[in-house]
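> First, the structure itself, so that you have it in front of you.
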Amino acid sequence: MKKNEQIAITLLAVLLQTTTALAQHKSEIPVLTGEKWWGAFTALGNMMPLSEKNTGPYSLGSNNEQNQAVPFLVSNYGRYIWSETPFDFTFDGAKISIDSPTGGVQVVKAGKNLREAFILGKNAHFKSDGQLPPALFFSRPQYNTWIELQYDQNQADIEKYAADLLANGFPAGILMVDDNWQRYYGNFDFKAERFPDPKGMIDRLHGKGFKVMLWISPFVSPDSPEFREAQAAGYLIRQKGSDKAALIPWWNGFSACYDLTNPKAFDHLRQTLKRLQDEYGVDGFKFDAGDTYFYNPQTQDYYDTTARAVDHLRKWAELGTHFPYNEYRACWGMQGYPLVQRLSDKNNSWDALRTLIPEMLNAGIMGYPYTCPDMVGGGQVADFSAEAQEQLDQDLIVRSAQLQAMMPMMQFSVAPWRVLDKEHLGYCLAAARLHEKMAPYILETARQAALTGEPIVRYMEYMYPKNGFSDCRDQYMLGAKYLVAPILTPDGKRTVRLPRGVWVDDLGQRFKGPLVIEVSAPTGRIPYYELKR
């Protein structure tokens with residue numbers, strides 16, 4: 001038996017001896033002096049660890065904050081909080097107050113530090129299944145057509161986007177065709193007027209080395225054949241006390257929605273997507289929407305009469321396990337499965353750039369190692385309009401690409417050659433090539449995550465507990481070997497804190513930690529440090 005396996009078994013024994021179930025609906029968990037807490041919401045990563053500045057209340061059951069949510073919080077003192085069901089909580093610096101409609105919240109003393117608490121919590125509640133998303137997610141950049149085409153997805157421009165990527169030196173990777181390729185929601189045929197030969201398009205993209213994914217959602221346009229058939233079959237969420245489909249407001253109007261708590265509806269949608277793959281050669285799907293705020297048991301009826309909003313989000317995520325090429329922006333639970341997550345769309349600003357590291361870190365400590373940090377430069381189309389381009393900060397685009405280069409995945413959407421001059425385009429291309437260079441290490445770390453569940457992007461506190469890193473969220477460990485300290489401000493400067501050990505930076509300079517250094521990096525440089533011993 002390996003040493004780390006023996007440690008895990010020993011710690012699990014301690015966990016089983018110290019678990020305390022709080023059966024009451026309301027409970028207060030005293031915060032120990034110096035204790036910090038992380039988890040719960042990916043999108044609140046910039047507020048982690050919890051402090052008096054972000055007291056809440058937060059509702060895990062009704063608002064996933066546009067990203068992943070889990071009933072799991074972890075502390076640097078080796079404790080974790082877990083529940084099988086969602087709860088509300090507030091934090092005031094002295095205590096965490098929990099209101100759980102179902103009770104059953106556990107507070108567990110699982111070890112001595114953040115890493116031990118996470119490992120024991122994970123092993124007890126969401127063990128990894130050993131499966132990994134396809135290697136291409138980690139080894140090459142991803143490309144999404146949203147910023148360039150928005151709702152004008154069409155065959156000619158998609159093929160031109162792919163050809164321009166290659167012509168500008170970017171490697172082929174996963175190409176995601178975004179919303180409005182389909183005739184309408186709930187229909188999975190390409191718009192004939194925009195895609196005269198969709199199978200030929202996909203075949204040609206495959207021939208150039210791309211894998212192709214399509215945007216989908218759980219919605220169905222009303223007054224369509226698919227709507228009428230699904231309603232007659234009982235596949236749609238219903239109005240409360242009625243057999244009529246509920247019309248749910250979302251960012252593209254009002255639509256019906258599949259009730260995936262119905263096994264027949266789930267299987268119908270799964271088989272529909274499989275037929276789409278067989279007919280056109282599609283590799284997988286970007287599973288958008290699914291957020292908890294679309295579902296309200298007070299106004300809606302479901303096949304599963306006990307279903308909560310989070311149960312619909314989980315079923316939407318379960319659908320993705322049938323398609324290895326998948327991506328999710330919203331998720332409930334499902335840690336340990338080979339599901340690709342992505343941070344919510346950010347705007348193009350230095351403030352937004354600074355949220356990427358803490359949100360990626362929080363996603364990892366929640367149990368989602370396979371996460372992509374949004375799109376390079378952000379995912380808001382208004383930021384890349386012709387009017388906005390006059391004010392575009394090209395250094396910001398480059399720094400975004402550099403940050404993603406040293407993450408598990410990186411994704412482009414805005415065409416760098418459209419918005420950047422030759423110099424800055426070269427820097428973006430260098431970032432893409434750095435990601436390729438790092439791919440063997442990233443992929444090996446991802447394989448370890450599939451076996452152990454440990455994050456790929458790790459808090460400094462996770463790797464170096466009780467060394468003064470509990471509030472550090474502007475640098476991180478990529479696995480156990482690389483400390484990454486991206487530039488996050490327009491002046492190109494930052495402070496880097498090296499823990500104990502011998503570190504060699506990207507320029508070949510050696511440093512012996514613990515050490516604090518001031519770094520000034522020109523636009524073409526991303527500071528990172530390799531641990532030598």
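By order in the structure tokens, chains are A, B, ...; within a chain, residues start at 1; ligands start at 1, following the order shown.
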To test your reading of the structure, identify every residue in segment 11-80 of chain A that backbone DSSP assigns to strand (DSSP E or B), and report it as a PyMOL selection string.
chain A and resi 20-22+26-30+37-41+58-59+68-75+79-80
> So that I have them on file, write out the residues from the current selection with N, CA and C atoms, as a PDB file, in the first residue's frame.

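Saved result, selection-v8.pdb, follows:
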```pdb
ATOM      1  N   THR A  20     -20.234  14.990  13.138  1.00  0.00           N
ATOM      2  CA  THR A  20     -21.374  15.360  13.965  1.00  0.00           C
ATOM      3  C   THR A  20     -22.508  15.815  13.078  1.00  0.00           C
ATOM      4  N   ALA A  21     -23.635  15.165  13.104  1.00  0.00           N
ATOM      5  CA  ALA A  21     -24.794  15.568  12.307  1.00  0.00           C
ATOM      6  C   ALA A  21     -25.621  16.573  13.089  1.00  0.00           C
ATOM      7  N   LEU A  22     -25.988  17.655  12.410  1.00  0.00           N
ATOM      8  CA  LEU A  22     -26.835  18.667  13.035  1.00  0.00           C
ATOM      9  C   LEU A  22     -28.236  18.493  12.476  1.00  0.00           C
ATOM     10  N   LYS A  26     -32.012  24.937  11.981  1.00  0.00           N
ATOM     11  CA  LYS A  26     -31.150  26.101  12.132  1.00  0.00           C
ATOM     12  C   LYS A  26     -29.975  25.730  13.041  1.00  0.00           C
ATOM     13  N   SER A  27     -28.786  26.157  12.659  1.00  0.00           N
ATOM     14  CA  SER A  27     -27.611  25.842  13.472  1.00  0.00           C
ATOM     15  C   SER A  27     -26.583  26.951  13.322  1.00  0.00           C
ATOM     16  N   GLU A  28     -25.754  27.091  14.329  1.00  0.00           N
ATOM     17  CA  GLU A  28     -24.678  28.069  14.310  1.00  0.00           C
ATOM     18  C   GLU A  28     -23.358  27.356  14.550  1.00  0.00           C
ATOM     19  N   ILE A  29     -22.392  27.626  13.683  1.00  0.00           N
ATOM     20  CA  ILE A  29     -21.085  26.983  13.763  1.00  0.00           C
ATOM     21  C   ILE A  29     -20.067  28.045  14.155  1.00  0.00           C
ATOM     22  N   PRO A  30     -19.560  27.996  15.378  1.00  0.00           N
ATOM     23  CA  PRO A  30     -18.571  29.002  15.804  1.00  0.00           C
ATOM     24  C   PRO A  30     -17.313  28.929  14.950  1.00  0.00           C
ATOM     25  N   TRP A  37     -12.649  30.103   5.763  1.00  0.00           N
ATOM     26  CA  TRP A  37     -13.525  29.154   5.075  1.00  0.00           C
ATOM     27  C   TRP A  37     -13.611  29.479   3.584  1.00  0.00           C
ATOM     28  N   TRP A  38     -13.669  28.416   2.768  1.00  0.00           N
ATOM     29  CA  TRP A  38     -13.794  28.527   1.314  1.00  0.00           C
ATOM     30  C   TRP A  38     -14.893  27.579   0.832  1.00  0.00           C
ATOM     31  N   GLY A  39     -15.389  27.819  -0.406  1.00  0.00           N
ATOM     32  CA  GLY A  39     -16.302  26.876  -1.039  1.00  0.00           C
ATOM     33  C   GLY A  39     -17.649  27.464  -1.382  1.00  0.00           C
ATOM     34  N   ALA A  40     -18.643  26.602  -1.542  1.00  0.00           N
ATOM     35  CA  ALA A  40     -20.063  26.908  -1.731  1.00  0.00           C
ATOM     36  C   ALA A  40     -20.392  27.402  -3.143  1.00  0.00           C
ATOM     37  N   PHE A  41     -19.815  28.529  -3.578  1.00  0.00           N
ATOM     38  CA  PHE A  41     -20.137  29.123  -4.876  1.00  0.00           C
ATOM     39  C   PHE A  41     -18.847  29.461  -5.626  1.00  0.00           C
ATOM     40  N   TYR A  58     -26.675  33.818   1.811  1.00  0.00           N
ATOM     41  CA  TYR A  58     -26.510  33.119   0.557  1.00  0.00           C
ATOM     42  C   TYR A  58     -27.424  31.910   0.543  1.00  0.00           C
ATOM     43  N   SER A  59     -28.082  31.695  -0.603  1.00  0.00           N
ATOM     44  CA  SER A  59     -29.028  30.585  -0.724  1.00  0.00           C
ATOM     45  C   SER A  59     -28.533  29.610  -1.775  1.00  0.00           C
ATOM     46  N   GLN A  68     -21.115  27.178 -10.672  1.00  0.00           N
ATOM     47  CA  GLN A  68     -21.273  25.951  -9.900  1.00  0.00           C
ATOM     48  C   GLN A  68     -21.586  26.284  -8.434  1.00  0.00           C
ATOM     49  N   ALA A  69     -22.379  25.412  -7.806  1.00  0.00           N
ATOM     50  CA  ALA A  69     -22.712  25.573  -6.395  1.00  0.00           C
ATOM     51  C   ALA A  69     -22.757  24.196  -5.739  1.00  0.00           C
ATOM     52  N   VAL A  70     -22.284  24.132  -4.502  1.00  0.00           N
ATOM     53  CA  VAL A  70     -22.283  22.868  -3.760  1.00  0.00           C
ATOM     54  C   VAL A  70     -22.507  23.157  -2.276  1.00  0.00           C
ATOM     55  N   PRO A  71     -23.127  22.234  -1.542  1.00  0.00           N
ATOM     56  CA  PRO A  71     -23.303  22.409  -0.085  1.00  0.00           C
ATOM     57  C   PRO A  71     -22.058  21.950   0.665  1.00  0.00           C
ATOM     58  N   PHE A  72     -20.923  22.596   0.389  1.00  0.00           N
ATOM     59  CA  PHE A  72     -19.622  22.142   0.878  1.00  0.00           C
ATOM     60  C   PHE A  72     -18.751  23.356   1.136  1.00  0.00           C
ATOM     61  N   LEU A  73     -18.313  23.517   2.386  1.00  0.00           N
ATOM     62  CA  LEU A  73     -17.370  24.564   2.773  1.00  0.00           C
ATOM     63  C   LEU A  73     -16.222  23.917   3.524  1.00  0.00           C
ATOM     64  N   VAL A  74     -15.010  24.434   3.334  1.00  0.00           N
ATOM     65  CA  VAL A  74     -13.810  23.826   3.910  1.00  0.00           C
ATOM     66  C   VAL A  74     -12.998  24.896   4.625  1.00  0.00           C
ATOM     67  N   SER A  75     -12.372  24.514   5.752  1.00  0.00           N
ATOM     68  CA  SER A  75     -11.594  25.483   6.521  1.00  0.00           C
ATOM     69  C   SER A  75     -10.119  25.108   6.588  1.00  0.00           C
ATOM     70  N   ARG A  79     -11.541  21.561   9.130  1.00  0.00           N
ATOM     71  CA  ARG A  79     -12.968  21.252   9.254  1.00  0.00           C
ATOM     72  C   ARG A  79     -13.664  21.436   7.904  1.00  0.00           C
ATOM     73  N   TYR A  80     -14.787  20.732   7.746  1.00  0.00           N
ATOM     74  CA  TYR A  80     -15.627  21.014   6.589  1.00  0.00           C
ATOM     75  C   TYR A  80     -17.095  20.912   6.986  1.00  0.00           C
TER      76      TYR A  80
END
```
> Neighbours of Lys240 of chain A within 9 Å (only C-alpha atoms; same-chain residues fewer than 5 positions away dropped), as JSON, numbers by chain?
{"A": [246, 297, 298, 299, 300, 301, 302]}
> Save out the residues we just selected, N, CA and C atoms, as a PDB file, in the first residue's frame.

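To be explicit, this is the file written out as again.pdb:
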```
ATOM      1  N   ALA A 246     -45.355  25.003 -18.376  1.00  0.00           N
ATOM      2  CA  ALA A 246     -44.996  26.320 -17.842  1.00  0.00           C
ATOM      3  C   ALA A 246     -44.100  27.040 -18.850  1.00  0.00           C
ATOM      4  N   PRO A 297     -40.590  25.345  -7.479  1.00  0.00           N
ATOM      5  CA  PRO A 297     -41.622  24.365  -7.103  1.00  0.00           C
ATOM      6  C   PRO A 297     -42.918  25.004  -6.614  1.00  0.00           C
ATOM      7  N   GLN A 298     -42.885  26.304  -6.279  1.00  0.00           N
ATOM      8  CA  GLN A 298     -44.113  26.970  -5.840  1.00  0.00           C
ATOM      9  C   GLN A 298     -45.049  27.264  -7.005  1.00  0.00           C
ATOM     10  N   THR A 299     -44.498  27.390  -8.191  1.00  0.00           N
ATOM     11  CA  THR A 299     -45.324  27.733  -9.357  1.00  0.00           C
ATOM     12  C   THR A 299     -45.268  26.667 -10.450  1.00  0.00           C
ATOM     13  N   GLN A 300     -44.464  25.631 -10.244  1.00  0.00           N
ATOM     14  CA  GLN A 300     -44.284  24.605 -11.263  1.00  0.00           C
ATOM     15  C   GLN A 300     -44.519  23.218 -10.670  1.00  0.00           C
ATOM     16  N   ASP A 301     -44.946  22.288 -11.498  1.00  0.00           N
ATOM     17  CA  ASP A 301     -45.075  20.885 -11.116  1.00  0.00           C
ATOM     18  C   ASP A 301     -44.092  20.054 -11.924  1.00  0.00           C
ATOM     19  N   TYR A 302     -43.554  19.006 -11.275  1.00  0.00           N
ATOM     20  CA  TYR A 302     -42.542  18.160 -11.897  1.00  0.00           C
ATOM     21  C   TYR A 302     -42.960  16.688 -11.826  1.00  0.00           C
TER      22      TYR A 302
END
```
> Set the distance at 10 Å and use only C-alpha atoms: which residues neighbour Ala382 of chain A once local chain neighbours fewer than 5 positions away are removed? I'd like the list as an NGL selection string.
:A and (147 or 347-348 or 387-389)
> Counting only C-alpha atoms, give me one row per residue of segment 318-404 of chain A with an atom at most 12 Å from an atom of segment 490-513 of chain A, showing the shortest contact pair and its distance in Å to one decimal, sorted by chain then residue number, as a Markdown table.

```
| residue | atom | partner | partner_atom | distance |
| --- | --- | --- | --- | --- |
| A:Ser349 | CA | A:Pro490 | CA | 10.3 |
| A:Trp350 | CA | A:Pro490 | CA | 7.6 |
| A:Asp351 | CA | A:Pro490 | CA | 10.7 |
| A:Leu353 | CA | A:Pro490 | CA | 11.0 |
| A:Arg354 | CA | A:Pro490 | CA | 11.5 |
| A:Asp393 | CA | A:Pro490 | CA | 9.1 |
| A:Gln394 | CA | A:Pro490 | CA | 10.3 |
| A:Asp395 | CA | A:Pro490 | CA | 7.4 |
| A:Leu396 | CA | A:Pro490 | CA | 7.3 |
| A:Ile397 | CA | A:Pro490 | CA | 11.0 |
| A:Val398 | CA | A:Pro490 | CA | 10.9 |
| A:Arg399 | CA | A:Pro490 | CA | 9.1 |
| A:Ser400 | CA | A:Pro490 | CA | 11.6 |
```
> Write out the residues from the selection above, keeping C-alpha atoms, as a JSON list (two decimals), in the first residue's frame.

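Saved as again01.json:
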```json
[["chain", "number", "residue", "atom", "x", "y", "z"],
["A", 349, "SER", "CA", -11.71, 44.95, -17.58],
["A", 350, "TRP", "CA", -8.76, 44.68, -15.23],
["A", 351, "ASP", "CA", -11.17, 44.21, -12.32],
["A", 353, "LEU", "CA", -9.33, 39.80, -14.88],
["A", 354, "ARG", "CA", -8.49, 39.84, -11.17],
["A", 393, "ASP", "CA", -6.76, 47.91, -23.98],
["A", 394, "GLN", "CA", -4.66, 45.47, -25.97],
["A", 395, "ASP", "CA", -2.39, 44.75, -23.02],
["A", 396, "LEU", "CA", -5.45, 43.52, -21.11],
["A", 397, "ILE", "CA", -6.27, 40.98, -23.84],
["A", 398, "VAL", "CA", -2.69, 39.71, -23.72],
["A", 399, "ARG", "CA", -2.64, 39.44, -19.92],
["A", 400, "SER", "CA", -5.92, 37.49, -20.07]]
```
> Find the residue from A:Tyr462, A:Phe190, A:Tyr235, A:Trp250 that sits nearest to Lys36 of chain A; use only C-alpha atoms when measuring.
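Between A:Tyr462, A:Phe190, A:Tyr235, A:Trp250, the residue approaching Lys36 of chain A most closely is A:Tyr462.
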> Taking into account only C-alpha atoms, which residue in the set A:Ser139, A:Gln341, A:Gln404, A:Ser62 is nearest to Leu356 of chain A?
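Looking only at the distances to Leu356 of chain A, the closest residue turns out to be A:Gln404.
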> Just want the 10 Å neighbourhood of Gly234 of chain A, counted on only C-alpha atoms, with same-chain residues fewer than 4 positions away dropped. Output as a PyMOL selection string.
chain A and resi 229-230+238+243-245+258-259+262+264-265+302-303
> For Asn64 of chain A, list every protein, DNA or RNA residue within 12 Å, evaluated using only C-alpha atoms, and leave out those in the same chain fewer than 4 positions away; present the list as a PyMOL selection string.
chain A and resi 40-44+58-60+68-71+86-88+289-295+309-310+313-314+329-333+344
> Can you check which residues of segment 81-154 of chain A DSSP gives as alpha helix (DSSP H) on the backbone and send them as an mmCIF file with N, CA and C atoms, in the first residue's frame?

```cif
data_model
loop_
_atom_site.group_PDB
_atom_site.id
_atom_site.type_symbol
_atom_site.label_atom_id
_atom_site.label_comp_id
_atom_site.auth_asym_id
_atom_site.auth_seq_id
_atom_site.Cartn_x
_atom_site.Cartn_y
_atom_site.Cartn_z
ATOM 1 N N LEU A 114 -6.313 22.780 5.358
ATOM 2 C CA LEU A 114 -7.245 22.863 4.240
ATOM 3 C C LEU A 114 -7.171 21.628 3.354
ATOM 4 N N ARG A 115 -5.973 21.186 3.028
ATOM 5 C CA ARG A 115 -5.836 20.044 2.133
ATOM 6 C C ARG A 115 -6.407 18.779 2.748
ATOM 7 N N GLU A 116 -6.110 18.519 4.010
ATOM 8 C CA GLU A 116 -6.637 17.316 4.653
ATOM 9 C C GLU A 116 -8.157 17.364 4.754
ATOM 10 N N ALA A 117 -8.695 18.531 5.066
ATOM 11 C CA ALA A 117 -10.156 18.646 5.152
ATOM 12 C C ALA A 117 -10.792 18.385 3.801
ATOM 13 N N PHE A 118 -10.206 18.950 2.741
ATOM 14 C CA PHE A 118 -10.767 18.732 1.405
ATOM 15 C C PHE A 118 -10.713 17.261 1.013
ATOM 16 N N ILE A 119 -9.561 16.626 1.189
ATOM 17 C CA ILE A 119 -9.408 15.230 0.767
ATOM 18 C C ILE A 119 -10.373 14.317 1.514
ATOM 19 N N LEU A 120 -10.501 14.534 2.804
ATOM 20 C CA LEU A 120 -11.398 13.671 3.569
ATOM 21 C C LEU A 120 -12.854 13.954 3.243
ATOM 22 N N GLY A 121 -13.188 15.221 3.047
ATOM 23 C CA GLY A 121 -14.549 15.551 2.644
ATOM 24 C C GLY A 121 -14.896 14.963 1.295
ATOM 25 N N LYS A 122 -13.984 15.097 0.350
ATOM 26 C CA LYS A 122 -14.183 14.531 -0.987
ATOM 27 C C LYS A 122 -14.349 13.016 -0.924
ATOM 28 N N ASN A 123 -13.462 12.347 -0.196
ATOM 29 C CA ASN A 123 -13.540 10.890 -0.125
ATOM 30 C C ASN A 123 -14.831 10.413 0.516
ATOM 31 N N ALA A 124 -15.355 11.213 1.422
ATOM 32 C CA ALA A 124 -16.585 10.819 2.108
ATOM 33 C C ALA A 124 -17.835 11.094 1.285
ATOM 34 N N HIS A 125 -17.793 12.104 0.386
ATOM 35 C CA HIS A 125 -19.042 12.566 -0.217
ATOM 36 C C HIS A 125 -19.053 12.642 -1.737
ATOM 37 N N LEU A 136 -7.870 16.662 -25.385
ATOM 38 C CA LEU A 136 -7.800 17.866 -26.192
ATOM 39 C C LEU A 136 -8.259 19.099 -25.421
ATOM 40 N N PHE A 137 -9.140 18.938 -24.443
ATOM 41 C CA PHE A 137 -9.560 20.074 -23.622
ATOM 42 C C PHE A 137 -8.364 20.723 -22.925
ATOM 43 N N PHE A 138 -7.378 19.919 -22.549
ATOM 44 C CA PHE A 138 -6.250 20.399 -21.765
ATOM 45 C C PHE A 138 -5.041 20.757 -22.622
ATOM 46 N N SER A 139 -4.893 20.102 -23.775
ATOM 47 C CA SER A 139 -3.645 20.213 -24.528
ATOM 48 C C SER A 139 -3.663 21.300 -25.586
ATOM 49 N N TRP A 146 -18.986 32.701 -30.258
ATOM 50 C CA TRP A 146 -19.972 33.640 -29.741
ATOM 51 C C TRP A 146 -19.621 35.099 -30.034
ATOM 52 N N ILE A 147 -18.440 35.549 -29.631
ATOM 53 C CA ILE A 147 -18.111 36.963 -29.756
ATOM 54 C C ILE A 147 -18.113 37.408 -31.218
ATOM 55 N N GLU A 148 -17.574 36.597 -32.104
ATOM 56 C CA GLU A 148 -17.473 36.989 -33.503
ATOM 57 C C GLU A 148 -18.799 36.930 -34.249
ATOM 58 N N LEU A 149 -19.648 35.954 -33.944
ATOM 59 C CA LEU A 149 -20.869 35.766 -34.733
ATOM 60 C C LEU A 149 -22.149 36.051 -33.956
#
```
